[in-house]
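A.B. asks: Contents are PDB, C-alpha atoms, pLDDT in the B column; file name structure_1.pdb:
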```
ATOM      1  CA  MET A   1     -12.180 -16.972  -3.825  1.00 55.00           C
ATOM      2  CA  ASN A   2     -10.962 -20.368  -5.080  1.00 56.00           C
ATOM      3  CA  THR A   3      -7.841 -20.975  -7.174  1.00 52.00           C
ATOM      4  CA  ARG A   4      -9.703 -20.985 -10.472  1.00 50.00           C
ATOM      5  CA  GLN A   5     -11.406 -17.685  -9.676  1.00 55.00           C
ATOM      6  CA  LYS A   6      -8.072 -16.162  -8.638  1.00 58.00           C
ATOM      7  CA  PHE A   7      -6.471 -17.398 -11.846  1.00 52.00           C
ATOM      8  CA  SER A   8      -9.286 -15.917 -13.956  1.00 53.00           C
ATOM      9  CA  ALA A   9      -9.181 -12.636 -12.048  1.00 63.00           C
ATOM     10  CA  GLY A  10      -5.427 -12.486 -12.497  1.00 59.00           C
ATOM     11  CA  LEU A  11      -5.700 -13.028 -16.237  1.00 53.00           C
ATOM     12  CA  LEU A  12      -8.317 -10.302 -16.500  1.00 58.00           C
ATOM     13  CA  ILE A  13      -6.164  -7.875 -14.514  1.00 61.00           C
ATOM     14  CA  ILE A  14      -3.052  -8.556 -16.567  1.00 59.00           C
ATOM     15  CA  GLY A  15      -4.939  -8.429 -19.865  1.00 58.00           C
ATOM     16  CA  PHE A  16      -6.548  -5.129 -18.915  1.00 57.00           C
ATOM     17  CA  ILE A  17      -3.242  -3.612 -17.859  1.00 58.00           C
ATOM     18  CA  LEU A  18      -1.457  -4.811 -20.999  1.00 56.00           C
ATOM     19  CA  ALA A  19      -4.209  -3.179 -23.056  1.00 50.00           C
ATOM     20  CA  LEU A  20      -3.818   0.162 -21.246  1.00 51.00           C
ATOM     21  CA  LEU A  21      -0.099   0.417 -20.574  1.00 54.00           C
ATOM     22  CA  PRO A  22       2.004   2.003 -23.325  1.00 52.00           C
ATOM     23  CA  LEU A  23       4.549  -0.655 -24.245  1.00 46.00           C
ATOM     24  CA  SER A  24       7.388   1.690 -25.084  1.00 45.00           C
ATOM     25  CA  GLY A  25      10.336   3.368 -23.425  1.00 48.00           C
ATOM     26  CA  SER A  26      10.949   2.852 -19.729  1.00 53.00           C
ATOM     27  CA  ARG A  27       7.406   1.639 -19.036  1.00 60.00           C
ATOM     28  CA  SER A  28       7.432  -1.522 -21.120  1.00 65.00           C
ATOM     29  CA  PHE A  29       6.473  -4.737 -19.383  1.00 69.00           C
ATOM     30  CA  THR A  30       9.567  -6.876 -18.966  1.00 68.00           C
ATOM     31  CA  VAL A  31       7.957  -9.825 -17.179  1.00 70.00           C
ATOM     32  CA  ARG A  32       6.236 -12.611 -19.114  1.00 70.00           C
ATOM     33  CA  PRO A  33       2.461 -12.770 -18.475  1.00 69.00           C
ATOM     34  CA  GLN A  34       2.584 -16.288 -16.973  1.00 69.00           C
ATOM     35  CA  LYS A  35       5.287 -15.279 -14.506  1.00 76.00           C
ATOM     36  CA  LEU A  36       3.507 -12.022 -13.710  1.00 76.00           C
ATOM     37  CA  LEU A  37       0.288 -13.873 -12.961  1.00 75.00           C
ATOM     38  CA  GLY A  38       2.125 -16.152 -10.545  1.00 75.00           C
ATOM     39  CA  GLU A  39       3.705 -13.183  -8.778  1.00 77.00           C
ATOM     40  CA  VAL A  40       0.464 -11.231  -8.439  1.00 76.00           C
ATOM     41  CA  LEU A  41      -1.363 -14.228  -6.958  1.00 79.00           C
ATOM     42  CA  ASP A  42       1.490 -15.211  -4.630  1.00 82.00           C
ATOM     43  CA  SER A  43       0.719 -14.659  -0.930  1.00 85.00           C
ATOM     44  CA  ASN A  44       4.275 -13.346  -0.520  1.00 89.00           C
ATOM     45  CA  THR A  45       3.232 -10.176  -2.344  1.00 91.00           C
ATOM     46  CA  TRP A  46       0.918  -8.975   0.418  1.00 92.00           C
ATOM     47  CA  PHE A  47       1.144  -7.928   4.037  1.00 96.00           C
ATOM     48  CA  THR A  48      -1.670  -8.096   6.569  1.00 96.00           C
ATOM     49  CA  VAL A  49      -2.889  -4.952   8.305  1.00 96.00           C
ATOM     50  CA  ASP A  50      -1.324  -6.280  11.513  1.00 96.00           C
ATOM     51  CA  GLN A  51       2.060  -6.488   9.808  1.00 97.00           C
ATOM     52  CA  VAL A  52       1.660  -2.938   8.496  1.00 96.00           C
ATOM     53  CA  ALA A  53       0.597  -1.769  11.971  1.00 96.00           C
ATOM     54  CA  ARG A  54       3.822  -3.254  13.353  1.00 96.00           C
ATOM     55  CA  PHE A  55       5.881  -1.459  10.687  1.00 96.00           C
ATOM     56  CA  ILE A  56       4.234   1.804  11.730  1.00 93.00           C
ATOM     57  CA  VAL A  57       4.639   1.515  15.489  1.00 93.00           C
ATOM     58  CA  THR A  58       8.273   0.413  15.151  1.00 93.00           C
ATOM     59  CA  GLU A  59       8.916   3.196  12.607  1.00 91.00           C
ATOM     60  CA  ASP A  60      10.465   0.694  10.209  1.00 92.00           C
ATOM     61  CA  SER A  61      12.566   2.729   7.766  1.00 89.00           C
ATOM     62  CA  SER A  62      12.714  -0.119   5.251  1.00 91.00           C
ATOM     63  CA  VAL A  63       9.001   0.340   4.447  1.00 94.00           C
ATOM     64  CA  GLN A  64       7.247   2.949   2.303  1.00 93.00           C
ATOM     65  CA  ILE A  65       3.450   2.877   2.513  1.00 95.00           C
ATOM     66  CA  ILE A  66       1.691   4.231  -0.575  1.00 94.00           C
ATOM     67  CA  ASP A  67      -1.920   5.404  -0.485  1.00 95.00           C
ATOM     68  CA  LEU A  68      -3.508   5.005  -3.942  1.00 95.00           C
ATOM     69  CA  ARG A  69      -6.707   6.905  -3.139  1.00 95.00           C
ATOM     70  CA  THR A  70      -7.571  10.419  -4.306  1.00 94.00           C
ATOM     71  CA  PRO A  71      -5.859  13.430  -2.693  1.00 91.00           C
ATOM     72  CA  GLU A  72      -9.206  14.362  -1.127  1.00 92.00           C
ATOM     73  CA  GLU A  73      -9.572  10.945   0.500  1.00 94.00           C
ATOM     74  CA  PHE A  74      -5.950  11.003   1.609  1.00 92.00           C
ATOM     75  CA  LYS A  75      -6.355  14.440   3.188  1.00 88.00           C
ATOM     76  CA  THR A  76      -9.427  13.272   5.100  1.00 89.00           C
ATOM     77  CA  VAL A  77      -7.877  10.118   6.545  1.00 92.00           C
ATOM     78  CA  ASN A  78      -4.664   8.186   5.936  1.00 93.00           C
ATOM     79  CA  ILE A  79      -2.360   5.663   7.548  1.00 93.00           C
ATOM     80  CA  PRO A  80       0.480   7.398   9.450  1.00 90.00           C
ATOM     81  CA  GLY A  81       3.673   7.510   7.431  1.00 88.00           C
ATOM     82  CA  SER A  82       1.980   6.925   4.081  1.00 91.00           C
ATOM     83  CA  ILE A  83       2.463   9.047   0.974  1.00 90.00           C
ATOM     84  CA  ASN A  84      -0.211   9.717  -1.606  1.00 91.00           C
ATOM     85  CA  LEU A  85       0.148   8.408  -5.162  1.00 91.00           C
ATOM     86  CA  PRO A  86      -3.371   8.437  -6.628  1.00 92.00           C
ATOM     87  CA  TYR A  87      -4.052   5.363  -8.725  1.00 89.00           C
ATOM     88  CA  ASN A  88      -5.416   7.468 -11.576  1.00 85.00           C
ATOM     89  CA  LYS A  89      -1.936   9.039 -11.881  1.00 84.00           C
ATOM     90  CA  PHE A  90      -0.075   5.752 -11.624  1.00 78.00           C
ATOM     91  CA  LEU A  91       0.139   5.342 -15.404  1.00 71.00           C
ATOM     92  CA  ASP A  92       1.039   9.014 -15.923  1.00 76.00           C
ATOM     93  CA  ILE A  93       4.359   8.737 -14.120  1.00 76.00           C
ATOM     94  CA  ASP A  94       7.234   6.316 -14.358  1.00 73.00           C
ATOM     95  CA  PRO A  95       6.655   4.165 -11.247  1.00 75.00           C
ATOM     96  CA  ALA A  96      10.355   3.273 -11.186  1.00 74.00           C
ATOM     97  CA  ARG A  97      11.139   6.871 -10.169  1.00 75.00           C
ATOM     98  CA  LEU A  98       9.464   6.250  -6.831  1.00 77.00           C
ATOM     99  CA  LEU A  99       9.774   2.493  -6.427  1.00 79.00           C
ATOM    100  CA  SER A 100      13.257   1.679  -7.719  1.00 67.00           C
ATOM    101  CA  ASN A 101      15.016   1.393  -4.343  1.00 69.00           C
ATOM    102  CA  GLY A 102      15.432  -2.354  -3.934  1.00 77.00           C
ATOM    103  CA  LYS A 103      15.999  -2.087  -0.176  1.00 83.00           C
ATOM    104  CA  THR A 104      12.627  -0.467   0.494  1.00 90.00           C
ATOM    105  CA  LYS A 105       9.388  -2.459   0.639  1.00 94.00           C
ATOM    106  CA  ASN A 106       6.733  -0.391  -1.153  1.00 94.00           C
ATOM    107  CA  ILE A 107       3.294  -1.336   0.183  1.00 96.00           C
ATOM    108  CA  PHE A 108       0.214  -0.178  -1.742  1.00 96.00           C
ATOM    109  CA  TYR A 109      -3.177   0.323  -0.148  1.00 97.00           C
ATOM    110  CA  SER A 110      -6.541   1.716  -1.163  1.00 95.00           C
ATOM    111  CA  ASN A 111     -10.018   1.344   0.330  1.00 95.00           C
ATOM    112  CA  GLY A 112     -10.162  -2.315  -0.676  1.00 92.00           C
ATOM    113  CA  ASP A 113      -7.952  -4.560  -2.822  1.00 90.00           C
ATOM    114  CA  PHE A 114      -8.933  -3.573  -6.362  1.00 87.00           C
ATOM    115  CA  ASP A 115      -6.671  -0.572  -7.088  1.00 90.00           C
ATOM    116  CA  SER A 116      -3.774  -1.918  -5.049  1.00 91.00           C
ATOM    117  CA  ASN A 117      -3.816  -5.224  -6.968  1.00 88.00           C
ATOM    118  CA  PHE A 118      -3.787  -3.334 -10.272  1.00 86.00           C
ATOM    119  CA  ALA A 119      -0.884  -1.170  -9.074  1.00 89.00           C
ATOM    120  CA  LEU A 120       0.967  -4.293  -7.950  1.00 90.00           C
ATOM    121  CA  ALA A 121       0.477  -5.957 -11.347  1.00 86.00           C
ATOM    122  CA  ILE A 122       1.793  -2.852 -13.120  1.00 85.00           C
ATOM    123  CA  ALA A 123       4.798  -2.538 -10.831  1.00 87.00           C
ATOM    124  CA  ARG A 124       5.656  -6.237 -10.998  1.00 86.00           C
ATOM    125  CA  GLY A 125       5.171  -6.180 -14.775  1.00 83.00           C
ATOM    126  CA  LEU A 126       7.824  -3.453 -14.872  1.00 83.00           C
ATOM    127  CA  ASN A 127      10.043  -5.809 -12.843  1.00 83.00           C
ATOM    128  CA  LEU A 128       9.812  -3.737  -9.650  1.00 86.00           C
ATOM    129  CA  LYS A 129      10.142  -6.628  -7.217  1.00 86.00           C
ATOM    130  CA  ASN A 130       9.992  -4.564  -4.044  1.00 91.00           C
ATOM    131  CA  THR A 131       6.246  -3.906  -4.359  1.00 93.00           C
ATOM    132  CA  PHE A 132       3.471  -5.367  -2.205  1.00 95.00           C
ATOM    133  CA  VAL A 133      -0.110  -4.724  -1.132  1.00 95.00           C
ATOM    134  CA  MET A 134      -1.767  -4.341   2.247  1.00 96.00           C
ATOM    135  CA  LYS A 135      -4.423  -7.031   2.040  1.00 94.00           C
ATOM    136  CA  GLY A 136      -7.947  -5.713   2.538  1.00 94.00           C
ATOM    137  CA  GLY A 137      -6.910  -2.077   2.318  1.00 95.00           C
ATOM    138  CA  LEU A 138      -8.224   0.662   4.569  1.00 96.00           C
ATOM    139  CA  ASN A 139     -11.502  -1.205   5.048  1.00 95.00           C
ATOM    140  CA  GLU A 140      -9.629  -4.089   6.682  1.00 96.00           C
ATOM    141  CA  TRP A 141      -7.503  -1.624   8.669  1.00 96.00           C
ATOM    142  CA  PHE A 142     -10.663  -0.262  10.286  1.00 95.00           C
ATOM    143  CA  ASN A 143     -12.117  -3.734  10.860  1.00 94.00           C
ATOM    144  CA  THR A 144      -8.976  -5.205  12.405  1.00 94.00           C
ATOM    145  CA  VAL A 145      -6.960  -2.355  13.916  1.00 94.00           C
ATOM    146  CA  MET A 146      -9.366   0.465  14.685  1.00 92.00           C
ATOM    147  CA  ASN A 147     -12.132  -1.821  15.978  1.00 90.00           C
ATOM    148  CA  SER A 148      -9.772  -4.028  17.980  1.00 83.00           C
ATOM    149  CA  THR A 149     -11.011  -4.780  21.503  1.00 80.00           C
ATOM    150  CA  PHE A 150     -10.205  -7.323  24.188  1.00 73.00           C
ATOM    151  CA  THR A 151     -13.144  -8.950  25.926  1.00 71.00           C
ATOM    152  CA  GLY A 152     -11.697 -12.148  27.403  1.00 69.00           C
ATOM    153  CA  GLU A 153     -10.421 -12.853  30.882  1.00 75.00           C
ATOM    154  CA  ARG A 154      -7.066 -14.334  29.884  1.00 79.00           C
ATOM    155  CA  ILE A 155      -4.695 -13.471  27.072  1.00 78.00           C
ATOM    156  CA  SER A 156      -1.584 -15.219  25.803  1.00 82.00           C
ATOM    157  CA  ALA A 157       1.717 -13.371  25.406  1.00 85.00           C
ATOM    158  CA  ARG A 158       1.336 -13.486  21.621  1.00 85.00           C
ATOM    159  CA  GLU A 159      -2.235 -12.166  21.744  1.00 85.00           C
ATOM    160  CA  ASN A 160      -1.147  -9.440  24.148  1.00 86.00           C
ATOM    161  CA  ALA A 161       1.680  -8.317  21.856  1.00 89.00           C
ATOM    162  CA  LEU A 162      -0.719  -8.226  18.902  1.00 90.00           C
ATOM    163  CA  PHE A 163      -3.319  -6.269  20.880  1.00 90.00           C
ATOM    164  CA  GLU A 164      -0.691  -3.781  22.073  1.00 92.00           C
ATOM    165  CA  THR A 165       0.532  -3.220  18.524  1.00 93.00           C
ATOM    166  CA  ARG A 166      -3.025  -2.626  17.309  1.00 93.00           C
ATOM    167  CA  THR A 167      -3.676  -0.246  20.215  1.00 92.00           C
ATOM    168  CA  ARG A 168      -0.541   1.793  19.495  1.00 93.00           C
ATOM    169  CA  ALA A 169      -1.287   1.874  15.755  1.00 93.00           C
ATOM    170  CA  LYS A 170      -4.882   2.910  16.493  1.00 93.00           C
ATOM    171  CA  LYS A 171      -3.647   5.752  18.727  1.00 91.00           C
ATOM    172  CA  MET A 172      -1.162   6.967  16.101  1.00 90.00           C
ATOM    173  CA  PHE A 173      -3.845   6.794  13.406  1.00 91.00           C
ATOM    174  CA  SER A 174      -6.365   8.704  15.532  1.00 88.00           C
ATOM    175  CA  GLU A 175      -3.886  11.382  16.585  1.00 85.00           C
ATOM    176  CA  MET A 176      -2.665  11.921  13.048  1.00 80.00           C
ATOM    177  CA  ASN A 177      -6.114  12.122  11.523  1.00 82.00           C
ATOM    178  CA  SER A 178      -7.607  14.301  14.275  1.00 81.00           C
ATOM    179  CA  MET A 179      -5.190  17.130  13.502  1.00 71.00           C
ATOM    180  CA  PRO A 180      -6.657  20.234  11.851  1.00 69.00           C
ATOM    181  CA  ASP A 181      -6.219  20.075   8.080  1.00 63.00           C
ATOM    182  CA  SER A 182      -3.574  22.825   8.089  1.00 62.00           C
ATOM    183  CA  LEU A 183      -1.420  21.037  10.674  1.00 62.00           C
ATOM    184  CA  LYS A 184      -1.923  17.647   9.046  1.00 59.00           C
ATOM    185  CA  LEU A 185      -0.811  19.048   5.698  1.00 62.00           C
ATOM    186  CA  LYS A 186       2.316  20.607   7.229  1.00 61.00           C
ATOM    187  CA  PHE A 187       3.106  17.364   9.020  1.00 58.00           C
ATOM    188  CA  ILE A 188       2.750  15.314   5.842  1.00 56.00           C
ATOM    189  CA  GLN A 189       4.888  17.762   3.870  1.00 57.00           C
ATOM    190  CA  SER A 190       7.624  17.897   6.485  1.00 55.00           C
ATOM    191  CA  THR A 191       7.924  14.145   6.966  1.00 49.00           C
ATOM    192  CA  HIS A 192       7.463  12.965   3.381  1.00 50.00           C
ATOM    193  CA  LEU A 193       9.699  14.939   1.078  1.00 48.00           C
ATOM    194  CA  ALA A 194       9.697  11.956  -1.256  1.00 46.00           C
ATOM    195  CA  ALA A 195       6.130  12.823  -2.221  1.00 43.00           C
ATOM    196  CA  LYS A 196       7.491  15.805  -4.157  1.00 46.00           C
ATOM    197  CA  LYS A 197       8.973  13.378  -6.677  1.00 48.00           C
ATOM    198  CA  LEU A 198       5.460  12.462  -7.763  1.00 45.00           C
ATOM    199  CA  ASP A 199       5.025  15.853  -9.386  1.00 43.00           C
ATOM    200  CA  GLY A 200       8.506  15.939 -10.829  1.00 47.00           C
ATOM    201  CA  GLY A 201       9.789  18.352  -8.180  1.00 48.00           C
ATOM    202  CA  CYS A 202      13.025  18.213  -6.291  1.00 47.00           C
ATOM    203  CA  GLU A 203      13.874  17.807  -2.656  1.00 44.00           C
TER     204      GLU A 203
END
```
Take the structure I supplied and represent it as structure tokens, if you would.
C.D. replies:
Amino acid sequence: MNTRQKFSAGLLIIGFILALLPLSGSRSFTVRPQKLLGEVLDSNTWFTVDQVARFIVTEDSSVQIIDLRTPEEFKTVNIPGSINLPYNKFLDIDPARLLSNGKTKNIFYSNGDFDSNFALAIARGLNLKNTFVMKGGLNEWFNTVMNSTFTGERISARENALFETRTRAKKMFSEMNSMPDSLKLKFIQSTHLAAKKLDGGCE
């Protein structure tokens, strides 16, 4: 996608969101459209799947990974450590309740980039600077991490480190998602108490 196409897509996204988002109370956009467009299109607002894989294998506590897919999709398969905030509920809650911690990097992902880019535009429009997307979504995760193989005879130290990270992330992903549904649900509930905030509950 060239710069002009990105600019047009960004304008469409922001215009659509401004048309849907109630501009009152705590959910009013506080960022000017021109600035918001620049932020949404900035490469500093996304992480690659390899970067996310590294966050997972190092158990980086400064990162919160947010799955925007449906609860059914999330239950079937999800990235280890992620919490589920379905995109269709994103406008029903006050995103600042979950994303207001400025020290935590909140990384959105979906199957592709569409929903995560919309969520990013909403969050950034509400001046939540600590929000990002995982570029390519779960589709790219499968292409890059889950299908990672080494076929050469020699490998550099950097390539080896990358391959090892992908291999560890792949193993964690496979182990997590191969659990029986009952165990997976208990695991998710026990390790992600923050998810209760999505329904207005308490810890």
A.B. asks: Using all atoms listed in the file, which residue out of A:Phe132, A:Phe142, A:Asn44, A:Ala119 lies closest to Leu91 (chain A)?
C.D. replies: A:Ala119
A.B. asks: Between CA of Leu98 (chain A) and CA of Asn177 (chain A), measure the distance and give it in Å to one decimal.
C.D. replies: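 Between CA of Leu98 (chain A) and CA of Asn177 (chain A) the gap is 24.8 Å.
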A.B. asks: To one decimal place, how far is CA of Thr104 (chain A) from CA of Leu120 (chain A) in Å?
C.D. replies: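 CA of Thr104 (chain A) sits 14.9 Å away from CA of Leu120 (chain A).
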A.B. asks: Distance CA of Ile65 (chain A)-CA of Arg32 (chain A), one decimal place?
C.D. replies: 26.7 Å
A.B. asks: Given the choices A:Leu68, A:Ala121, A:Leu37, A:Met146, which gets closest to Val49 (chain A) if the distance is worked out from all atoms listed in the file?
C.D. replies: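 Result for the nearest residue to Val49 (chain A): A:Met146.
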A.B. asks: Go through A:Met179, A:Val31, A:Ala96, A:Leu85 and flag the residue nearest Arg69 (chain A), using all atoms listed in the file for the distances.
C.D. replies: A:Leu85
A.B. asks: Can you pull out the residues contacting Lys171 (chain A)? Cut-off 12 Å, using all atoms listed in the file, and skip same-chain residues under 5 positions away; I want them as a list in words.
C.D. replies: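 Counting only the stated atoms, we get Ala53, Ile56, Val57, Ile79, Pro80, Val145, Met146, Asn147, Ser148, Glu164, Thr165, Arg166, Met176, Asn177 and Ser178 of chain A.
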A.B. asks: Is it possible to get the axis-aligned box enclosing region 99-113 of chain A (all listed atoms, 3 Å extra per side) as JSON, with centre and edge lengths in Å rounded to one decimal?
C.D. replies:
```
{"center_x": 2.9, "center_y": -1.0, "center_z": -3.5, "size_x": 32.2, "size_y": 13.1, "size_z": 14.4}
```
A.B. asks: Starting from the PyMOL selection byres ((chain A and resi 128) around 12), expand the selection into actual residues of this file and give them as a PyMOL selection string.
C.D. replies: chain A and resi 27-31+36+39+45+94-106+119-127+129-132
A.B. asks: Ranking A:Asn88, A:Gly38, A:Asn111, A:Thr48 by minimum distance to Glu73 (chain A) and counting all atoms listed in the file, which one comes first?
C.D. replies: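 Closest residue, counting all atoms listed in the file: A:Asn111.
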A.B. asks: With distances taken over only C-alpha atoms, which of A:Phe173, A:Trp141, A:Trp46, A:Phe150 is nearest to Phe108 (chain A)?
C.D. replies: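 Checking each candidate against Phe108 (chain A), we get A:Trp46 as the closest.
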A.B. asks: Evaluating the PyMOL selection byres ((chain A and resi 110) around 9) on the displayed file yields which residues, as a PyMOL selection string?
C.D. replies: chain A and resi 66-69+87+108-109+111-116+134+136-139
A.B. asks: Return the single residue from A:Ser61, A:Thr151, A:Thr76, A:Asn117 that is closest to Leu41 (chain A), with distances computed using all atoms listed in the file.
C.D. replies: A:Asn117
